[in-house]
file model.txt (compact mmCIF, C-alpha atoms and all ligand atoms)
# COMPACT_ATOMS: atom_id res chain seq x y z
CA MET A 1 -4.02 -14.67 -23.40
CA ILE A 2 -6.95 -14.04 -21.06
CA ARG A 3 -7.27 -16.61 -18.30
CA ILE A 4 -10.09 -17.79 -16.07
CA TYR A 5 -9.64 -20.64 -13.55
CA LYS A 6 -12.61 -22.98 -13.44
CA CYS A 7 -13.85 -25.10 -10.56
CA PRO A 8 -13.25 -28.81 -11.43
CA SER A 9 -16.34 -29.80 -9.40
CA CYS A 10 -19.12 -27.50 -10.59
CA GLY A 11 -17.72 -25.44 -13.46
CA GLY A 12 -17.93 -22.22 -11.41
CA VAL A 13 -15.06 -19.74 -11.46
CA LEU A 14 -12.26 -20.02 -8.90
CA GLN A 15 -10.97 -17.05 -6.94
CA TYR A 16 -8.01 -16.58 -4.63
CA ARG A 17 -8.93 -17.29 -1.00
CA PRO A 18 -7.34 -14.59 1.23
CA GLY A 19 -4.92 -15.71 3.92
CA THR A 20 -4.30 -19.10 2.27
CA ASP A 21 -2.44 -20.71 -0.64
CA GLU A 22 -5.71 -21.87 -2.14
CA MET A 23 -8.36 -20.92 -4.64
CA VAL A 24 -12.02 -21.28 -3.74
CA CYS A 25 -15.21 -21.68 -5.77
CA PRO A 26 -17.82 -19.19 -4.48
CA ASN A 27 -20.46 -21.50 -5.95
CA CYS A 28 -19.79 -24.86 -4.27
CA LYS A 29 -17.07 -23.77 -1.76
CA ASN A 30 -14.67 -26.36 -3.21
CA THR A 31 -11.03 -25.37 -2.60
CA GLN A 32 -7.93 -26.15 -4.69
CA ALA A 33 -4.31 -25.55 -3.71
CA ILE A 34 -2.74 -22.97 -6.03
CA GLN A 35 0.13 -25.43 -6.62
CA THR A 36 -2.37 -28.04 -7.83
CA VAL A 37 -4.12 -25.56 -10.13
CA LEU A 38 -0.79 -24.53 -11.68
CA GLN A 39 0.35 -28.17 -11.97
CA MET A 40 -2.89 -29.24 -13.67
CA ASN A 41 -2.55 -26.42 -16.17
CA SER A 42 1.07 -27.22 -16.97
CA ASP A 43 0.14 -30.92 -17.34
CA GLY A 44 -2.48 -29.96 -19.89
CA LYS A 45 -5.33 -31.03 -17.55
CA SER A 46 -6.60 -27.48 -17.71
CA THR A 47 -8.82 -26.19 -14.94
CA GLY A 48 -9.39 -23.04 -16.88
CA LEU A 49 -10.72 -21.16 -19.81
CA THR A 50 -8.55 -19.02 -22.01
CA GLY A 51 -9.41 -16.29 -24.45
CA VAL A 52 -7.41 -14.28 -26.92
CA GLU A 53 -6.32 -10.73 -26.33
CA SER A 54 -7.09 -8.62 -29.35
CA ALA A 55 -4.35 -8.95 -31.94
CA ASP A 56 -4.14 -5.25 -32.69
CA TYR A 57 -3.16 -4.41 -29.14
CA ALA A 58 -0.55 -1.68 -29.34
CA GLY A 59 -0.24 -0.92 -25.66
CA THR A 60 -2.20 2.31 -25.78
CA GLY A 61 -5.80 3.31 -25.40
CA VAL A 62 -8.92 1.24 -24.92
CA GLU A 63 -9.04 -2.32 -26.09
CA ASN A 64 -12.04 -4.56 -26.77
CA MET A 65 -11.81 -8.21 -25.80
CA ALA A 66 -14.34 -10.94 -25.04
CA CYS A 67 -14.89 -12.69 -21.70
CA PRO A 68 -13.82 -16.36 -22.12
CA ALA A 69 -16.63 -17.47 -19.79
CA CYS A 70 -19.68 -15.83 -21.37
CA GLY A 71 -18.40 -14.21 -24.57
CA GLY A 72 -19.59 -10.82 -23.39
CA PRO A 73 -17.58 -7.74 -24.42
CA LEU A 74 -14.73 -6.86 -22.10
CA THR A 75 -13.47 -3.32 -22.48
CA VAL A 76 -10.16 -2.60 -20.80
CA ASP A 77 -7.64 0.22 -20.90
CA GLU A 78 -3.92 -0.15 -21.48
CA HIS A 79 -3.19 -0.67 -17.76
CA THR A 80 -5.91 -3.21 -16.87
CA ALA A 81 -4.33 -6.45 -15.71
CA SER A 82 -6.99 -8.13 -13.57
CA THR A 83 -10.67 -7.28 -13.84
CA PHE A 84 -14.22 -8.67 -13.71
CA CYS A 85 -16.54 -9.41 -16.60
CA PRO A 86 -19.37 -6.84 -16.29
CA TYR A 87 -21.91 -9.52 -17.34
CA CYS A 88 -21.02 -12.82 -15.63
CA LYS A 89 -18.69 -11.29 -12.95
CA SER A 90 -15.95 -13.85 -13.71
CA PRO A 91 -12.44 -12.67 -12.79
CA ASN A 92 -10.55 -12.13 -16.08
CA LEU A 93 -6.75 -12.13 -15.94
CA ILE A 94 -5.00 -10.52 -18.89
CA GLY A 95 -1.77 -12.42 -19.45
CA SER A 96 0.29 -9.82 -21.33
CA ARG A 97 -0.15 -7.39 -18.43
CA PHE A 98 1.68 -9.84 -16.14
CA SER A 99 4.51 -10.77 -18.48
CA GLY A 100 7.63 -9.26 -20.02
CA GLN A 101 8.38 -5.88 -18.45
CA TYR A 102 5.15 -6.26 -16.41
CA ARG A 103 6.09 -9.60 -14.86
CA PRO A 104 5.93 -9.08 -11.07
CA SER A 105 8.55 -10.78 -8.98
CA ARG A 106 6.44 -11.29 -5.87
CA VAL A 107 3.00 -10.54 -4.42
CA LEU A 108 1.77 -9.95 -0.88
CA PRO A 109 -1.55 -11.84 -0.99
CA PHE A 110 -4.67 -10.47 0.72
CA GLN A 111 -4.61 -11.76 4.30
CA PHE A 112 -8.34 -11.44 5.09
CA ASP A 113 -11.53 -11.61 3.03
CA LYS A 114 -14.11 -9.02 1.99
CA LYS A 115 -16.41 -9.81 4.91
CA GLU A 116 -13.65 -9.07 7.41
CA ALA A 117 -12.71 -5.92 5.47
CA GLN A 118 -16.33 -4.75 5.70
CA ASN A 119 -16.35 -5.34 9.47
CA LYS A 120 -13.10 -3.43 9.85
CA PHE A 121 -14.56 -0.46 7.93
CA LYS A 122 -17.75 -0.55 10.04
CA THR A 123 -15.88 -0.55 13.35
CA TRP A 124 -13.10 1.81 12.25
CA LYS A 125 -12.14 4.50 14.82
CA GLY A 126 -12.44 7.11 12.04
CA THR A 127 -16.23 6.67 12.22
CA GLY A 128 -18.36 7.76 15.14
CA LEU A 129 -21.64 9.05 16.48
CA LEU A 130 -21.98 11.58 13.66
CA THR A 131 -21.11 9.20 10.79
CA PRO A 132 -24.06 9.02 8.36
CA GLY A 133 -26.09 5.83 8.90
CA LYS A 134 -25.75 5.10 5.19
CA PHE A 135 -22.04 4.34 5.73
CA LYS A 136 -22.76 1.00 7.39
CA SER A 137 -25.54 0.05 4.95
CA ALA A 138 -25.31 -3.12 2.89
CA ALA A 139 -25.28 -1.04 -0.32
CA THR A 140 -22.21 0.93 0.81
CA MET A 141 -20.41 -2.12 2.19
CA ASP A 142 -21.03 -4.02 -1.04
CA LYS A 143 -18.72 -1.52 -2.76
CA VAL A 144 -15.69 -2.75 -0.79
CA THR A 145 -13.26 -3.92 -3.48
CA GLY A 146 -9.87 -5.58 -3.27
CA VAL A 147 -7.17 -4.04 -5.45
CA TYR A 148 -3.58 -5.18 -5.89
CA VAL A 149 -1.50 -2.01 -6.16
CA PRO A 150 1.80 -2.12 -8.10
CA TYR A 151 4.84 -1.18 -5.99
CA TRP A 152 8.58 -1.00 -6.45
CA LEU A 153 10.76 -2.20 -3.59
CA TYR A 154 14.14 -0.52 -3.86
CA SER A 155 17.34 -1.81 -2.31
CA TYR A 156 20.62 0.12 -2.16
CA THR A 157 24.09 -0.81 -0.98
CA GLY A 158 26.88 1.72 -0.98
CA ASN A 159 29.92 3.18 0.65
CA VAL A 160 29.34 6.45 2.49
CA HIS A 161 32.41 8.66 2.37
CA LEU A 162 32.55 11.52 4.89
CA GLN A 163 35.15 14.29 5.06
CA GLY A 164 35.38 17.15 7.50
CA GLU A 165 36.78 18.01 10.89
CA GLY A 166 36.21 16.85 14.44
CA LEU A 167 36.45 19.31 17.35
CA ASN A 168 37.34 18.65 20.99
CA MET A 169 37.33 21.42 23.59
CA ARG A 170 39.53 21.54 26.71
CA VAL A 171 38.81 23.95 29.56
CA THR A 172 41.62 25.05 31.89
CA ARG A 173 41.63 27.63 34.69
CA GLN A 174 44.19 30.32 35.39
CA GLY A 175 43.11 32.19 38.48
CA ASP A 176 39.67 33.59 37.69
CA ASP A 177 40.02 33.02 33.97
CA GLU A 178 38.60 30.09 32.08
CA ILE A 179 40.63 29.19 29.02
CA ILE A 180 39.10 27.10 26.27
CA ASP A 181 41.41 25.33 23.85
CA THR A 182 39.92 23.72 20.78
CA ASP A 183 41.68 20.86 19.04
CA HIS A 184 40.88 20.38 15.35
CA TYR A 185 41.18 16.94 13.83
CA GLN A 186 40.97 16.04 10.17
CA LEU A 187 38.19 13.57 9.77
CA GLU A 188 37.70 11.01 7.04
CA ARG A 189 35.40 8.03 7.26
CA ASN A 190 34.05 5.25 5.07
CA VAL A 191 30.92 3.42 6.18
CA GLN A 192 29.21 0.54 4.36
CA SER A 193 25.44 0.99 4.25
CA THR A 194 22.54 -1.15 3.02
CA TYR A 195 18.87 -0.27 2.79
CA GLU A 196 16.48 -2.99 1.69
CA SER A 197 12.86 -3.09 0.48
CA VAL A 198 12.09 0.64 0.50
CA PRO A 199 8.53 0.80 -0.89
CA ALA A 200 7.25 3.19 -3.58
CA ASP A 201 3.68 3.08 -4.89
CA ALA A 202 3.92 2.86 -8.69
CA SER A 203 0.27 3.65 -9.40
CA GLU A 204 -1.10 7.04 -10.34
CA LYS A 205 -4.61 6.22 -9.09
CA PHE A 206 -3.56 5.70 -5.48
CA PRO A 207 -2.61 8.94 -3.68
CA ASP A 208 0.85 8.75 -2.10
CA GLU A 209 -0.37 10.56 1.05
CA ASN A 210 -2.88 7.76 1.75
CA MET A 211 -0.51 4.95 0.79
CA ASN A 212 2.19 6.32 3.12
CA VAL A 213 -0.22 6.13 6.06
CA LEU A 214 -1.06 2.49 5.24
CA GLU A 215 2.57 1.38 5.36
CA PRO A 216 4.31 -0.67 6.57
CA PHE A 217 3.46 -4.03 5.02
CA ASP A 218 4.93 -7.20 6.49
CA TYR A 219 7.34 -8.14 3.70
CA SER A 220 7.92 -11.58 5.20
CA LYS A 221 4.47 -12.43 3.77
CA LEU A 222 5.57 -11.80 0.17
CA VAL A 223 5.37 -14.93 -2.00
CA ASN A 224 6.63 -15.67 -5.50
CA PHE A 225 4.19 -14.27 -8.01
CA SER A 226 1.67 -16.51 -9.69
CA LEU A 227 -1.52 -15.57 -11.51
CA PRO A 228 -4.10 -17.35 -9.27
CA TYR A 229 -3.40 -14.87 -6.42
CA MET A 230 -4.89 -12.13 -8.64
CA ALA A 231 -8.20 -13.90 -9.39
CA GLY A 232 -11.08 -12.00 -7.77
CA PHE A 233 -9.19 -8.74 -7.31
CA LEU A 234 -8.57 -5.73 -9.50
CA ALA A 235 -5.04 -4.94 -10.66
CA ASP A 236 -3.44 -2.49 -13.04
CA THR A 237 0.11 -2.47 -14.37
CA TYR A 238 2.47 0.19 -13.01
CA ASP A 239 2.20 3.80 -14.23
CA TYR A 240 5.69 4.72 -13.04
CA SER A 241 8.63 2.55 -14.04
CA ALA A 242 11.46 1.66 -11.64
CA ALA A 243 13.61 4.35 -13.32
CA ASP A 244 10.85 6.99 -12.97
CA LEU A 245 10.82 6.79 -9.15
CA ASN A 246 14.44 5.80 -8.49
CA GLU A 247 15.89 9.28 -8.12
CA LYS A 248 13.23 10.40 -5.63
CA ILE A 249 13.54 7.28 -3.45
CA ARG A 250 17.34 7.17 -3.66
CA SER A 251 17.74 10.77 -2.50
CA GLN A 252 15.53 10.00 0.53
CA VAL A 253 17.57 6.89 1.31
CA GLU A 254 20.85 8.74 0.73
CA ARG A 255 19.99 11.30 3.42
CA GLU A 256 19.37 8.43 5.86
CA MET A 257 22.60 6.68 4.89
CA ILE A 258 24.63 9.85 5.48
CA SER A 259 22.96 10.57 8.79
CA ASP A 260 23.55 6.93 9.90
CA ALA A 261 27.23 7.24 8.95
CA GLN A 262 27.55 10.49 10.91
CA GLY A 263 26.04 8.67 13.87
CA THR A 264 29.07 6.35 13.96
CA ILE A 265 31.37 9.29 14.77
CA THR A 266 31.41 9.47 18.55
CA GLU A 267 34.95 10.47 19.47
CA TYR A 268 34.49 14.23 19.01
CA GLN A 269 32.41 16.79 20.85
CA ALA A 270 31.47 18.46 17.60
CA VAL A 271 31.73 17.55 13.94
CA ASN A 272 31.71 19.65 10.79
CA ILE A 273 31.07 17.62 7.66
CA ALA A 274 32.44 19.37 4.58
CA ASN A 275 31.76 16.62 2.09
CA ALA A 276 29.48 13.54 2.10
CA GLN A 277 29.23 11.18 -0.81
CA VAL A 278 27.70 7.75 -1.43
CA ASN A 279 29.25 5.41 -3.98
CA TYR A 280 26.70 2.73 -4.80
CA THR A 281 27.88 -0.83 -5.31
CA ASP A 282 24.38 -2.27 -5.77
CA GLN A 283 20.98 -0.80 -6.68
CA ARG A 284 17.91 -2.95 -7.30
CA ALA A 285 14.19 -2.51 -7.79
CA GLU A 286 11.73 -5.36 -7.40
CA TYR A 287 8.24 -5.24 -8.93
CA VAL A 288 5.58 -6.43 -6.49
CA PHE A 289 1.84 -6.16 -5.80
CA MET A 290 0.44 -5.02 -2.44
CA PRO A 291 -3.13 -5.71 -1.25
CA ILE A 292 -5.46 -2.73 -0.65
CA TRP A 293 -9.19 -2.84 0.14
CA THR A 294 -10.92 0.27 -1.20
CA LEU A 295 -14.29 1.83 -0.44
CA ILE A 296 -15.63 4.89 -2.25
CA PHE A 297 -18.31 6.28 0.06
CA GLU A 298 -20.75 8.55 -1.77
CA TYR A 299 -22.60 11.08 0.36
CA MET A 300 -24.57 14.19 -0.65
CA GLY A 301 -23.14 14.02 -4.18
CA LYS A 302 -19.52 13.81 -3.01
CA LYS A 303 -17.10 10.89 -3.08
CA TYR A 304 -15.01 9.96 -0.04
CA PRO A 305 -12.36 7.35 -0.86
CA LEU A 306 -11.15 5.07 1.94
CA TYR A 307 -8.19 2.71 1.77
CA MET A 308 -7.29 -0.31 3.91
CA ASN A 309 -4.01 -2.21 4.04
CA GLY A 310 -5.06 -5.78 3.06
CA GLU A 311 -2.36 -7.25 5.29
CA SER A 312 -2.37 -5.16 8.51
CA GLY A 313 -5.95 -3.77 8.37
CA GLU A 314 -4.74 -0.16 8.79
CA ILE A 315 -7.26 2.34 7.30
CA ASP A 316 -6.84 5.85 5.90
CA GLY A 317 -9.34 8.36 4.56
CA VAL A 318 -12.04 10.71 5.82
CA VAL A 319 -15.74 9.96 6.40
CA PRO A 320 -18.12 12.98 6.32
CA TYR A 321 -20.38 13.74 9.30
CA SER A 322 -24.13 13.92 9.13
CA LYS A 323 -25.52 17.43 9.73
CA LEU A 324 -28.89 15.93 10.60
CA LYS A 325 -27.37 13.70 13.30
CA ALA A 326 -25.43 16.67 14.68
CA LEU A 327 -28.66 18.70 14.84
CA VAL A 328 -30.58 15.92 16.59
CA ILE A 329 -27.82 15.35 19.17
CA PHE A 330 -27.57 19.11 19.83
CA GLY A 331 -31.38 19.28 20.17
CA ILE A 332 -31.45 16.44 22.71
CA ALA A 333 -28.60 17.99 24.74
CA PHE A 334 -30.43 21.32 24.74
CA ALA A 335 -33.70 19.72 25.88
CA VAL A 336 -31.98 17.79 28.69
CA PHE A 337 -30.24 20.96 29.87
CA PHE A 338 -33.57 22.86 30.12
CA LEU A 339 -35.31 19.95 31.79
CA ILE A 340 -32.63 19.82 34.49
CA ALA A 341 -32.70 23.62 34.89
CA PHE A 342 -36.51 23.45 35.23
CA LEU A 343 -36.43 20.64 37.80
CA LEU A 344 -33.70 22.36 39.84
CA GLY A 345 -35.77 25.52 39.73
CA ARG A 346 -38.72 23.67 41.29
CA VAL A 347 -36.66 22.05 44.03
CA PHE A 348 -34.86 25.18 45.18
ZN ZN A 401 -17.49 -25.18 -7.70
ZN ZN A 402 -18.39 -13.00 -18.73
call {"tool": "encode", "arguments": {"input": "model.txt", "output": "structure tokens"}}
result
Amino acid sequence: MIRIYKCPSCGGVLQYRPGTDEMVCPNCKNTQAIQTVLQMNSDGKSTGLTGVESADYAGTGVENMACPACGGPLTVDEHTASTFCPYCKSPNLIGSRFSGQYRPSRVLPFQFDKKEAQNKFKTWKGTGLLTPGKFKSAATMDKVTGVYVPYWLYSYTGNVHLQGEGLNMRVTRQGDDEIIDTDHYQLERNVQSTYESVPADASEKFPDENMNVLEPFDYSKLVNFSLPYMAGFLADTYDYSAADLNEKIRSQVEREMISDAQGTITEYQAVNIANAQVNYTDQRAEYVFMPIWTLIFEYMGKKYPLYMNGESGEIDGVVPYSKLKALVIFGIAFAVFFLIAFLLGRVF
């Protein structure tokens, strides 16, 4: 089922209001608590419009649907979960992409709105004197788009078993000679270890190298998932399942667990670990959505993608520099230099 939440006052379309637990109507500014919206819908006093997803949906390829608000054609691919109608701009939420295996457990809602995101991009330290003027233009800033990115949060609990030997050295003197005795001790240790909420970006579209820079997110701001948080933002289902990424994340965590366990051995001057093994007693992956503001800056025929953490405001990406601005600044510096040289020449 496709869902659109309607404003009870004016019939406009409600969107999630960042940093709150409310939806807002961009038309009349009326706000509704998400709880109220959900309650009204479950009571049958619907605040929304629903539309059918095409019956032949097989989970692959492009699918043609209709926007419940205006009836216009809505073309989505097999991953589209939250999108906008290209005609009436209403946020369309595609139910099947948030249910079953795609049902998220929690979401970290956007903490600030588009206007604030635009200001953060404009005043970002990654821009400067040589940034093309077009970057701060209304046309560029209008492209700022909020996207919920699918993530897995992995948690592991296990017993780290270490085997090896501990070495302690004793130095004694006999006349001028220094004698070093080394005591060898058999070493065996079991250490309980837990790692919680280790994030992994489950989307192919978002480059890991950028996403890693944007972390961390404040996980205390995660809330139980409900559909209204998605309204007004783009979202796709995950490309990589929890099983797809588990091995990679677990091997990273396992190295940390083993190094933590080694850190608990303090009674020897040196340690040789012959064998380290982790026996897992619990492994979990939680499906969540994280908020990212995106901006694709187009300059001289090239695209420069920028990403902003929608919770902390951290930005990653590269903005090109303007050759024209560089030339003008160099020209002015050159002129000033000659002017000073000329004036000094006249004085002395
Ligand atoms: Zn309204
Ligand atoms: Zn529409």
call {"tool": "closest_atom_pairs", "arguments": {"input": "model.txt", "of": "chain A", "to": "ligand ZN 402 (chain A)", "cutoff": "6 Å", "atoms": "all atoms listed in the file", "output": "tab-separated table"}}
result
residue	atom	partner	partner_atom	distance
A:Cys67	CA	A:ZN402	ZN	4.6
A:Ala69	CA	A:ZN402	ZN	4.9
A:Cys70	CA	A:ZN402	ZN	4.1
A:Gly71	CA	A:ZN402	ZN	6.0
A:Gly72	CA	A:ZN402	ZN	5.3
A:Cys85	CA	A:ZN402	ZN	4.6
A:Tyr87	CA	A:ZN402	ZN	5.1
A:Cys88	CA	A:ZN402	ZN	4.1
A:Ser90	CA	A:ZN402	ZN	5.6
call {"tool": "residues_near_ligand", "arguments": {"input": "model.txt", "ligand": "ligand ZN 401 (chain A)", "cutoff": "7 Å", "atoms": "all atoms listed in the file", "output": "NGL selection string"}}
result
:A and (7-12 or 25-30)
call {"tool": "closest_residue", "arguments": {"input": "model.txt", "among": "A:Leu129, A:Ala326, A:Leu343, A:Leu306", "to": "Met141 in chain A", "atoms": "all atoms listed in the file"}}
result
A:Leu306
call {"tool": "residues_around", "arguments": {"input": "model.txt", "residues": "Gln186 in chain A", "least_positions_apart": "4", "cutoff": "12 Å", "atoms": "all atoms listed in the file", "output": "list of chain:residue names"}}
result
A:Leu162, A:Gln163, A:Gly164, A:Glu165, A:Gly166, A:Leu167, A:Asn168, A:Tyr268, A:Val271, A:Asn272, A:Ile273, A:Ala274
call {"tool": "residues_near_point", "arguments": {"input": "model.txt", "point": "(30.6, 9.9, 2.5)", "cutoff": "6 Å", "atoms": "only C-alpha atoms", "output": "list in words"}}
result
Val160, His161, Leu162, Ala276, Gln277 and Val278 of chain A
call {"tool": "residues_around", "arguments": {"input": "model.txt", "residues": "Ile329 in chain A", "least_positions_apart": "6", "cutoff": "12 Å", "atoms": "only C-alpha atoms", "output": "PyMOL selection string"}}
result
chain A and resi 129-130+322-323+335-336
call {"tool": "write_last_selection", "arguments": {"input": "model.txt", "atoms": "C-alpha atoms", "output": "compact mmCIF listing (two decimals), keeping the file's coordinate frame"}}
result
# COMPACT_ATOMS: atom_id res chain seq x y z
CA LEU A 129 -21.64 9.05 16.48
CA LEU A 130 -21.98 11.58 13.66
CA SER A 322 -24.13 13.92 9.13
CA LYS A 323 -25.52 17.43 9.73
CA ALA A 335 -33.70 19.72 25.88
CA VAL A 336 -31.98 17.79 28.69
call {"tool": "residues_around", "arguments": {"input": "model.txt", "residues": "Ala231 in chain A", "least_positions_apart": "4", "cutoff": "12 Å", "atoms": "all atoms listed in the file", "output": "VMD selection string"}}
result
chain A and resid 2 to 6 13 to 18 22 to 25 34 48 81 to 85 89 to 94 109 to 110 146 to 148 226 to 227 235
call {"tool": "write_last_selection", "arguments": {"input": "model.txt", "atoms": "C-alpha atoms", "output": "PDB file, in the frame of the given file"}}
result
ATOM      1  CA  ILE A   2      -6.950 -14.040 -21.060  1.00  0.00           C
ATOM      2  CA  ARG A   3      -7.270 -16.610 -18.300  1.00  0.00           C
ATOM      3  CA  ILE A   4     -10.090 -17.790 -16.070  1.00  0.00           C
ATOM      4  CA  TYR A   5      -9.640 -20.640 -13.550  1.00  0.00           C
ATOM      5  CA  LYS A   6     -12.610 -22.980 -13.440  1.00  0.00           C
ATOM      6  CA  VAL A  13     -15.060 -19.740 -11.460  1.00  0.00           C
ATOM      7  CA  LEU A  14     -12.260 -20.020  -8.900  1.00  0.00           C
ATOM      8  CA  GLN A  15     -10.970 -17.050  -6.940  1.00  0.00           C
ATOM      9  CA  TYR A  16      -8.010 -16.580  -4.630  1.00  0.00           C
ATOM     10  CA  ARG A  17      -8.930 -17.290  -1.000  1.00  0.00           C
ATOM     11  CA  PRO A  18      -7.340 -14.590   1.230  1.00  0.00           C
ATOM     12  CA  GLU A  22      -5.710 -21.870  -2.140  1.00  0.00           C
ATOM     13  CA  MET A  23      -8.360 -20.920  -4.640  1.00  0.00           C
ATOM     14  CA  VAL A  24     -12.020 -21.280  -3.740  1.00  0.00           C
ATOM     15  CA  CYS A  25     -15.210 -21.680  -5.770  1.00  0.00           C
ATOM     16  CA  ILE A  34      -2.740 -22.970  -6.030  1.00  0.00           C
ATOM     17  CA  GLY A  48      -9.390 -23.040 -16.880  1.00  0.00           C
ATOM     18  CA  ALA A  81      -4.330  -6.450 -15.710  1.00  0.00           C
ATOM     19  CA  SER A  82      -6.990  -8.130 -13.570  1.00  0.00           C
ATOM     20  CA  THR A  83     -10.670  -7.280 -13.840  1.00  0.00           C
ATOM     21  CA  PHE A  84     -14.220  -8.670 -13.710  1.00  0.00           C
ATOM     22  CA  CYS A  85     -16.540  -9.410 -16.600  1.00  0.00           C
ATOM     23  CA  LYS A  89     -18.690 -11.290 -12.950  1.00  0.00           C
ATOM     24  CA  SER A  90     -15.950 -13.850 -13.710  1.00  0.00           C
ATOM     25  CA  PRO A  91     -12.440 -12.670 -12.790  1.00  0.00           C
ATOM     26  CA  ASN A  92     -10.550 -12.130 -16.080  1.00  0.00           C
ATOM     27  CA  LEU A  93      -6.750 -12.130 -15.940  1.00  0.00           C
ATOM     28  CA  ILE A  94      -5.000 -10.520 -18.890  1.00  0.00           C
ATOM     29  CA  PRO A 109      -1.550 -11.840  -0.990  1.00  0.00           C
ATOM     30  CA  PHE A 110      -4.670 -10.470   0.720  1.00  0.00           C
ATOM     31  CA  GLY A 146      -9.870  -5.580  -3.270  1.00  0.00           C
ATOM     32  CA  VAL A 147      -7.170  -4.040  -5.450  1.00  0.00           C
ATOM     33  CA  TYR A 148      -3.580  -5.180  -5.890  1.00  0.00           C
ATOM     34  CA  SER A 226       1.670 -16.510  -9.690  1.00  0.00           C
ATOM     35  CA  LEU A 227      -1.520 -15.570 -11.510  1.00  0.00           C
ATOM     36  CA  ALA A 235      -5.040  -4.940 -10.660  1.00  0.00           C
TER      37      ALA A 235
END
call {"tool": "atom_distance", "arguments": {"input": "model.txt", "atom1": "CA of Lys303 in chain A", "atom2": "CA of Val319 in chain A"}}
result
9.6 Å
call {"tool": "residues_around", "arguments": {"input": "model.txt", "residues": "Pro305 in chain A", "least_positions_apart": "3", "cutoff": "7 Å", "atoms": "only C-alpha atoms", "output": "list in words"}}
result
Leu295, Ile296, Phe297 and Gly317 of chain A
call {"tool": "atom_distance", "arguments": {"input": "model.txt", "atom1": "CA of Gln32 in chain A", "atom2": "CA of Gly232 in chain A"}}
result
14.8 Å
call {"tool": "atom_distance", "arguments": {"input": "model.txt", "atom1": "CA of Ile315 in chain A", "atom2": "CA of Phe289 in chain A"}}
result
18.1 Å
call {"tool": "closest_residue", "arguments": {"input": "model.txt", "among": "A:Tyr321, A:Phe112, A:Phe342, A:Tyr229", "to": "Asp21 in chain A", "atoms": "only C-alpha atoms"}}
result
A:Tyr229
